[in-house]
$ cat model36.cif   # mmCIF, C-alpha atoms
data_input
loop_
_atom_site.group_PDB
_atom_site.id
_atom_site.type_symbol
_atom_site.label_atom_id
_atom_site.label_comp_id
_atom_site.auth_asym_id
_atom_site.auth_seq_id
_atom_site.Cartn_x
_atom_site.Cartn_y
_atom_site.Cartn_z
ATOM 1 C CA GLY A 1 4.075 -15.348 18.527
ATOM 2 C CA GLN A 2 4.718 -18.941 17.748
ATOM 3 C CA GLN A 3 7.419 -20.590 19.835
ATOM 4 C CA VAL A 4 9.063 -23.953 19.355
ATOM 5 C CA MET A 5 10.906 -25.458 22.299
ATOM 6 C CA GLN A 6 13.297 -28.343 21.891
ATOM 7 C CA ILE A 7 14.849 -30.533 24.577
ATOM 8 C CA PRO A 8 17.362 -31.575 25.604
ATOM 9 C CA GLN A 9 19.843 -28.912 24.562
ATOM 10 C CA TYR A 10 22.740 -31.376 24.783
ATOM 11 C CA GLN A 11 22.933 -35.150 24.757
ATOM 12 C CA HIS A 12 26.023 -37.287 25.169
ATOM 13 C CA VAL A 13 25.676 -40.999 24.422
ATOM 14 C CA GLN A 14 27.909 -43.994 24.014
ATOM 15 C CA GLU A 15 27.939 -45.483 20.548
ATOM 16 C CA GLY A 16 25.150 -48.034 20.337
ATOM 17 C CA GLU A 17 22.844 -46.254 22.791
ATOM 18 C CA ASP A 18 19.550 -44.762 21.710
ATOM 19 C CA PHE A 19 18.833 -41.032 21.497
ATOM 20 C CA THR A 20 15.627 -39.006 21.520
ATOM 21 C CA THR A 21 14.969 -35.298 21.075
ATOM 22 C CA TYR A 22 11.599 -33.663 21.703
ATOM 23 C CA CYS A 23 9.981 -30.646 20.181
ATOM 24 C CA ASN A 24 6.985 -28.708 21.535
ATOM 25 C CA SER A 25 5.126 -25.849 19.930
ATOM 26 C CA SER A 26 3.058 -23.191 21.653
ATOM 27 C CA THR A 27 0.531 -23.369 18.813
ATOM 28 C CA THR A 28 -0.886 -26.028 16.517
ATOM 29 C CA LEU A 29 1.354 -26.648 13.539
ATOM 30 C CA SER A 30 0.419 -27.289 9.929
ATOM 31 C CA ASN A 31 3.540 -29.374 9.548
ATOM 32 C CA ILE A 32 6.898 -29.977 11.163
ATOM 33 C CA GLN A 33 10.272 -30.587 9.626
ATOM 34 C CA TRP A 34 13.496 -32.002 11.013
ATOM 35 C CA TYR A 35 16.972 -30.942 9.990
ATOM 36 C CA LYS A 36 20.474 -32.129 10.845
ATOM 37 C CA GLN A 37 23.455 -29.828 10.975
ATOM 38 C CA ARG A 38 26.904 -31.348 11.126
ATOM 39 C CA PRO A 39 29.627 -29.365 12.935
ATOM 40 C CA GLY A 40 30.714 -26.554 10.634
ATOM 41 C CA GLY A 41 27.995 -27.356 8.119
ATOM 42 C CA HIS A 42 24.585 -26.034 7.210
ATOM 43 C CA PRO A 43 21.186 -27.548 8.055
ATOM 44 C CA VAL A 44 20.139 -30.428 5.851
ATOM 45 C CA PHE A 45 16.522 -31.503 5.543
ATOM 46 C CA LEU A 46 15.688 -34.910 6.989
ATOM 47 C CA ILE A 47 11.915 -35.270 6.863
ATOM 48 C CA GLN A 48 8.542 -33.522 6.975
ATOM 49 C CA LEU A 49 5.517 -34.672 8.967
ATOM 50 C CA VAL A 50 2.075 -33.366 8.088
ATOM 51 C CA LYS A 51 -0.624 -35.626 9.489
ATOM 52 C CA SER A 52 -1.759 -35.885 13.086
ATOM 53 C CA GLY A 53 -0.143 -38.913 14.748
ATOM 54 C CA GLU A 54 2.111 -39.538 11.762
ATOM 55 C CA VAL A 55 5.130 -41.801 12.212
ATOM 56 C CA LYS A 56 7.907 -42.050 9.646
ATOM 57 C CA LYS A 57 11.075 -44.098 9.677
ATOM 58 C CA GLN A 58 14.391 -43.646 7.936
ATOM 59 C CA LYS A 59 16.642 -46.598 8.754
ATOM 60 C CA ARG A 60 17.558 -46.053 12.423
ATOM 61 C CA LEU A 61 15.625 -42.767 12.692
ATOM 62 C CA THR A 62 11.977 -42.654 13.763
ATOM 63 C CA PHE A 63 9.989 -39.434 13.586
ATOM 64 C CA GLN A 64 6.629 -38.841 15.248
ATOM 65 C CA PHE A 65 4.084 -36.040 15.040
ATOM 66 C CA GLY A 66 1.714 -35.710 17.969
ATOM 67 C CA GLU A 67 -2.031 -36.189 17.741
ATOM 68 C CA ALA A 68 -2.605 -32.518 18.536
ATOM 69 C CA LYS A 69 0.057 -31.459 16.014
ATOM 70 C CA LYS A 70 1.858 -29.495 18.703
ATOM 71 C CA ASN A 71 4.736 -31.829 19.459
ATOM 72 C CA SER A 72 7.144 -34.095 17.696
ATOM 73 C CA SER A 73 10.056 -36.372 18.437
ATOM 74 C CA LEU A 74 13.067 -37.833 16.706
ATOM 75 C CA HIS A 75 14.420 -41.143 17.967
ATOM 76 C CA ILE A 76 17.699 -42.680 16.830
ATOM 77 C CA THR A 77 18.263 -46.349 17.573
ATOM 78 C CA ALA A 78 21.793 -47.656 18.192
ATOM 79 C CA THR A 79 23.623 -44.383 17.560
ATOM 80 C CA GLN A 80 26.779 -44.285 15.472
ATOM 81 C CA THR A 81 29.569 -41.718 15.414
ATOM 82 C CA THR A 82 28.213 -40.492 12.086
ATOM 83 C CA ASP A 83 25.066 -39.345 13.897
ATOM 84 C CA VAL A 84 26.905 -36.490 15.652
ATOM 85 C CA GLY A 85 25.567 -33.036 14.982
ATOM 86 C CA THR A 86 22.728 -30.738 15.930
ATOM 87 C CA TYR A 87 19.169 -31.840 15.258
ATOM 88 C CA PHE A 88 16.611 -29.094 14.722
ATOM 89 C CA CYS A 89 12.874 -29.286 14.509
ATOM 90 C CA ALA A 90 11.099 -26.547 12.618
ATOM 91 C CA GLY A 91 7.393 -25.921 12.687
ATOM 92 C CA ARG A 92 5.118 -24.083 10.317
ATOM 93 C CA GLY A 93 2.071 -22.599 11.977
ATOM 94 C CA GLY A 94 -1.372 -21.822 10.653
ATOM 95 C CA THR A 95 -0.885 -18.061 10.529
ATOM 96 C CA SER A 96 2.764 -17.901 9.507
ATOM 97 C CA TYR A 97 2.692 -19.279 5.999
ATOM 98 C CA GLY A 98 6.138 -19.824 4.653
ATOM 99 C CA LYS A 99 7.878 -19.043 7.906
ATOM 100 C CA LEU A 100 9.501 -21.934 9.694
ATOM 101 C CA THR A 101 10.081 -21.450 13.392
ATOM 102 C CA PHE A 102 13.101 -23.442 14.472
ATOM 103 C CA GLY A 103 13.702 -25.013 17.823
ATOM 104 C CA GLN A 104 17.007 -24.310 19.528
ATOM 105 C CA GLY A 105 18.350 -27.690 18.502
ATOM 106 C CA THR A 106 19.752 -30.677 20.337
ATOM 107 C CA ILE A 107 23.497 -31.170 20.090
ATOM 108 C CA LEU A 108 24.272 -34.876 19.952
ATOM 109 C CA THR A 109 27.708 -36.199 20.828
ATOM 110 C CA VAL A 110 28.416 -39.894 20.326
ATOM 111 C CA HIS A 111 31.371 -41.364 22.159
ATOM 112 C CA PRO A 112 33.001 -44.372 20.445
ATOM 113 C CA GLY B 1 21.907 -29.587 -10.179
ATOM 114 C CA ALA B 2 23.449 -26.628 -8.396
ATOM 115 C CA GLY B 3 22.348 -25.967 -4.862
ATOM 116 C CA VAL B 4 21.889 -22.686 -3.033
ATOM 117 C CA SER B 5 25.023 -20.586 -3.167
ATOM 118 C CA GLN B 6 26.009 -17.660 -0.982
ATOM 119 C CA SER B 7 28.747 -15.089 -1.178
ATOM 120 C CA PRO B 8 31.015 -14.154 0.334
ATOM 121 C CA SER B 9 31.654 -17.247 2.417
ATOM 122 C CA ASN B 10 33.409 -15.136 5.030
ATOM 123 C CA LYS B 11 33.289 -11.415 5.684
ATOM 124 C CA VAL B 12 35.251 -9.428 8.226
ATOM 125 C CA THR B 13 34.263 -5.808 8.611
ATOM 126 C CA GLU B 14 34.742 -2.936 10.976
ATOM 127 C CA LYS B 15 31.994 -1.668 13.228
ATOM 128 C CA GLY B 16 29.946 0.990 11.479
ATOM 129 C CA LYS B 17 30.554 -0.246 7.943
ATOM 130 C CA ASP B 18 27.813 -1.532 5.640
ATOM 131 C CA VAL B 19 27.860 -5.092 4.302
ATOM 132 C CA GLU B 20 25.979 -6.879 1.526
ATOM 133 C CA LEU B 21 25.396 -10.595 1.557
ATOM 134 C CA ARG B 22 24.275 -12.393 -1.559
ATOM 135 C CA CYS B 23 22.176 -15.504 -2.078
ATOM 136 C CA ASP B 24 21.617 -17.429 -5.306
ATOM 137 C CA PRO B 25 18.715 -19.827 -4.823
ATOM 138 C CA ILE B 26 18.141 -23.071 -6.664
ATOM 139 C CA SER B 27 16.859 -22.326 -10.148
ATOM 140 C CA GLY B 28 13.072 -22.338 -10.272
ATOM 141 C CA HIS B 29 12.587 -21.953 -6.534
ATOM 142 C CA THR B 30 10.084 -19.178 -5.908
ATOM 143 C CA ALA B 31 10.555 -18.877 -2.154
ATOM 144 C CA LEU B 32 13.724 -17.606 -0.507
ATOM 145 C CA TYR B 33 14.511 -17.291 3.182
ATOM 146 C CA TRP B 34 17.162 -15.592 5.271
ATOM 147 C CA TYR B 35 18.159 -16.838 8.724
ATOM 148 C CA ARG B 36 20.801 -15.873 11.222
ATOM 149 C CA GLN B 37 22.650 -18.354 13.393
ATOM 150 C CA SER B 38 24.829 -17.149 16.230
ATOM 151 C CA LEU B 39 27.540 -19.398 17.632
ATOM 152 C CA GLY B 40 25.974 -22.455 19.237
ATOM 153 C CA GLN B 41 22.461 -21.121 18.754
ATOM 154 C CA GLY B 42 19.459 -22.109 16.721
ATOM 155 C CA LEU B 43 18.256 -20.465 13.554
ATOM 156 C CA GLU B 44 16.674 -17.047 13.825
ATOM 157 C CA PHE B 45 14.244 -16.219 11.028
ATOM 158 C CA LEU B 46 14.897 -12.852 9.391
ATOM 159 C CA ILE B 47 12.776 -12.524 6.255
ATOM 160 C CA TYR B 48 11.300 -14.506 3.415
ATOM 161 C CA PHE B 49 10.416 -13.757 -0.199
ATOM 162 C CA GLN B 50 7.725 -15.204 -2.379
ATOM 163 C CA GLY B 51 8.841 -14.107 -5.816
ATOM 164 C CA ASN B 52 10.140 -10.579 -5.383
ATOM 165 C CA SER B 53 7.855 -9.597 -2.542
ATOM 166 C CA ALA B 54 8.488 -10.065 1.163
ATOM 167 C CA PRO B 55 5.226 -10.957 2.947
ATOM 168 C CA ASP B 56 6.927 -11.424 6.287
ATOM 169 C CA LYS B 57 9.639 -9.069 7.468
ATOM 170 C CA SER B 58 8.909 -9.616 11.120
ATOM 171 C CA GLY B 59 12.266 -11.171 11.889
ATOM 172 C CA LEU B 60 14.484 -8.282 10.835
ATOM 173 C CA PRO B 61 16.224 -7.248 14.082
ATOM 174 C CA SER B 62 16.345 -3.527 13.352
ATOM 175 C CA ASP B 63 15.972 -0.926 10.614
ATOM 176 C CA ARG B 64 19.669 -1.403 9.836
ATOM 177 C CA PHE B 65 18.718 -4.663 8.164
ATOM 178 C CA SER B 66 17.097 -4.759 4.736
ATOM 179 C CA ALA B 67 16.747 -7.280 1.968
ATOM 180 C CA GLU B 68 15.653 -7.322 -1.613
ATOM 181 C CA ARG B 69 15.139 -9.840 -4.329
ATOM 182 C CA THR B 70 15.154 -9.070 -8.013
ATOM 183 C CA GLY B 71 13.960 -11.096 -10.965
ATOM 184 C CA GLY B 72 12.627 -13.731 -8.612
ATOM 185 C CA SER B 73 16.129 -15.051 -8.192
ATOM 186 C CA VAL B 74 19.123 -13.466 -6.474
ATOM 187 C CA SER B 75 18.630 -11.847 -3.098
ATOM 188 C CA THR B 76 20.826 -9.502 -1.130
ATOM 189 C CA LEU B 77 20.735 -8.896 2.590
ATOM 190 C CA THR B 78 22.182 -5.540 3.576
ATOM 191 C CA ILE B 79 23.287 -4.600 7.045
ATOM 192 C CA GLN B 80 24.007 -0.922 7.534
ATOM 193 C CA ARG B 81 26.253 0.494 10.248
ATOM 194 C CA THR B 82 27.220 -2.959 11.444
ATOM 195 C CA GLN B 83 27.522 -3.664 15.153
ATOM 196 C CA GLN B 84 29.496 -6.378 16.906
ATOM 197 C CA GLU B 85 26.289 -8.178 17.845
ATOM 198 C CA ASP B 86 25.616 -8.647 14.117
ATOM 199 C CA SER B 87 28.429 -11.194 14.016
ATOM 200 C CA ALA B 88 26.892 -14.525 13.062
ATOM 201 C CA VAL B 89 26.446 -16.958 10.214
ATOM 202 C CA TYR B 90 23.791 -15.740 7.787
ATOM 203 C CA LEU B 91 22.058 -18.627 6.074
ATOM 204 C CA CYS B 92 19.925 -18.467 2.988
ATOM 205 C CA ALA B 93 17.466 -21.172 1.979
ATOM 206 C CA SER B 94 15.119 -21.654 -0.944
ATOM 207 C CA SER B 95 12.116 -23.816 -1.631
ATOM 208 C CA LEU B 96 10.025 -24.586 -4.683
ATOM 209 C CA GLN B 97 7.009 -22.813 -3.210
ATOM 210 C CA TRP B 98 6.372 -20.953 -0.001
ATOM 211 C CA ASP B 99 4.081 -23.441 1.622
ATOM 212 C CA GLN B 100 4.509 -27.068 2.637
ATOM 213 C CA GLU B 101 7.898 -27.340 1.018
ATOM 214 C CA THR B 102 11.361 -28.422 2.060
ATOM 215 C CA GLN B 103 13.921 -25.668 2.438
ATOM 216 C CA TYR B 104 17.369 -26.198 0.966
ATOM 217 C CA PHE B 105 20.092 -24.297 2.730
ATOM 218 C CA GLY B 106 23.167 -22.621 1.356
ATOM 219 C CA PRO B 107 26.566 -22.859 3.053
ATOM 220 C CA GLY B 108 26.120 -19.514 4.774
ATOM 221 C CA THR B 109 28.138 -16.329 5.100
ATOM 222 C CA ARG B 110 30.162 -16.037 8.271
ATOM 223 C CA LEU B 111 30.166 -12.383 9.282
ATOM 224 C CA LEU B 112 32.569 -11.006 11.841
ATOM 225 C CA VAL B 113 32.245 -7.398 12.944
ATOM 226 C CA LEU B 114 35.329 -6.086 14.713
#

$ encode --input "model36.cif" --output "structure tokens"
Amino acid sequence: GQQVMQIPQYQHVQEGEDFTTYCNSSTTLSNIQWYKQRPGGHPVFLIQLVKSGEVKKQKRLTFQFGEAKKNSSLHITATQTTDVGTYFCAGRGGTSYGKLTFGQGTILTVHP
Amino acid sequence: GAGVSQSPSNKVTEKGKDVELRCDPISGHTALYWYRQSLGQGLEFLIYFQGNSAPDKSGLPSDRFSAERTGGSVSTLTIQRTQQEDSAVYLCASSLQWDQETQYFGPGTRLLVL
């Protein structure tokens, strides 16, 4: 079945440093979504990417969808302590309509 | 408007007992999803509903797990004869339609099986 791998599992940064998490799918995706989960909270939707090679920005966050629609990345510029949490990618495959397969998540810690 | 709500927020039960978890999706959302999240782990898909039917039950871990949805709204996830490994946070999400749509998550039910 479809698998979504996400790396790294953990990332510790100093405030002001950049951060990137990568997501790779075993199959071609119809779209990919990114979620953020604060400690003790529930996942909150950040963005959806649909088109091959798509790049979207939200302030300091940049999201990319690979040309082959099998990988994606989230890059945060100049991290802040408010960025702490777990970032999940979630892919929807061609034969699994409705089902999102989540990556394991990257836990980001930002040291002030 | 109101978001996805789940009840109870916390549930402690003894091994072997049955539990029912409830999810109230956002009004008008036709798709509803159940996930399980163990401590420090990612989200494990359990089941999803489009209306009252469940096209994909592939994620249910065993036949002790079942779910239903009535009236295209409220859903219940039932775990029979609970085991300690069932301890986790059970998250419900809903979306306007089943395809190409953002999922909005509820706060979850934290289940502890003693």

$ residues_around --input "model36.cif" --residues "Arg36 (chain B)" --least-positions-apart "2" --cutoff "8 Å" --atoms "only C-alpha atoms" --output "mmCIF file with C-alpha atoms, in the frame of the given file"
data_model
loop_
_atom_site.group_PDB
_atom_site.id
_atom_site.type_symbol
_atom_site.label_atom_id
_atom_site.label_comp_id
_atom_site.auth_asym_id
_atom_site.auth_seq_id
_atom_site.Cartn_x
_atom_site.Cartn_y
_atom_site.Cartn_z
ATOM 1 C CA TRP B 34 17.162 -15.592 5.271
ATOM 2 C CA SER B 38 24.829 -17.149 16.230
ATOM 3 C CA LEU B 43 18.256 -20.465 13.554
ATOM 4 C CA GLU B 44 16.674 -17.047 13.825
ATOM 5 C CA PHE B 45 14.244 -16.219 11.028
ATOM 6 C CA LEU B 46 14.897 -12.852 9.391
ATOM 7 C CA ALA B 88 26.892 -14.525 13.062
ATOM 8 C CA VAL B 89 26.446 -16.958 10.214
ATOM 9 C CA TYR B 90 23.791 -15.740 7.787
ATOM 10 C CA LEU B 91 22.058 -18.627 6.074
#

$ resolve_selection --input "model36.cif" --expression "the PyMOL selection byres ((chain B) within 9 of (chain A))" --output "MDAnalysis selection string"
chainID B and resid 31 33 41:45 47:50 56 91 97:108

$ atom_distance --input "model36.cif" --atom1 "CA of Gln83 (chain B)" --atom2 "CA of Gly16 (chain B)"
6.4 Å

$ residues_around --input "model36.cif" --residues "Lys17 (chain B)" --least-positions-apart "2" --cutoff "6 Å" --atoms "only C-alpha atoms" --output "NGL selection string"
:B and (14-15 or 81-82)

$ resolve_selection --input "model36.cif" --expression "the PyMOL selection byres ((chain A and resi 58) around 12)" --output "PyMOL selection string"
chain A and resi 46-48+55-57+59-64+74-77
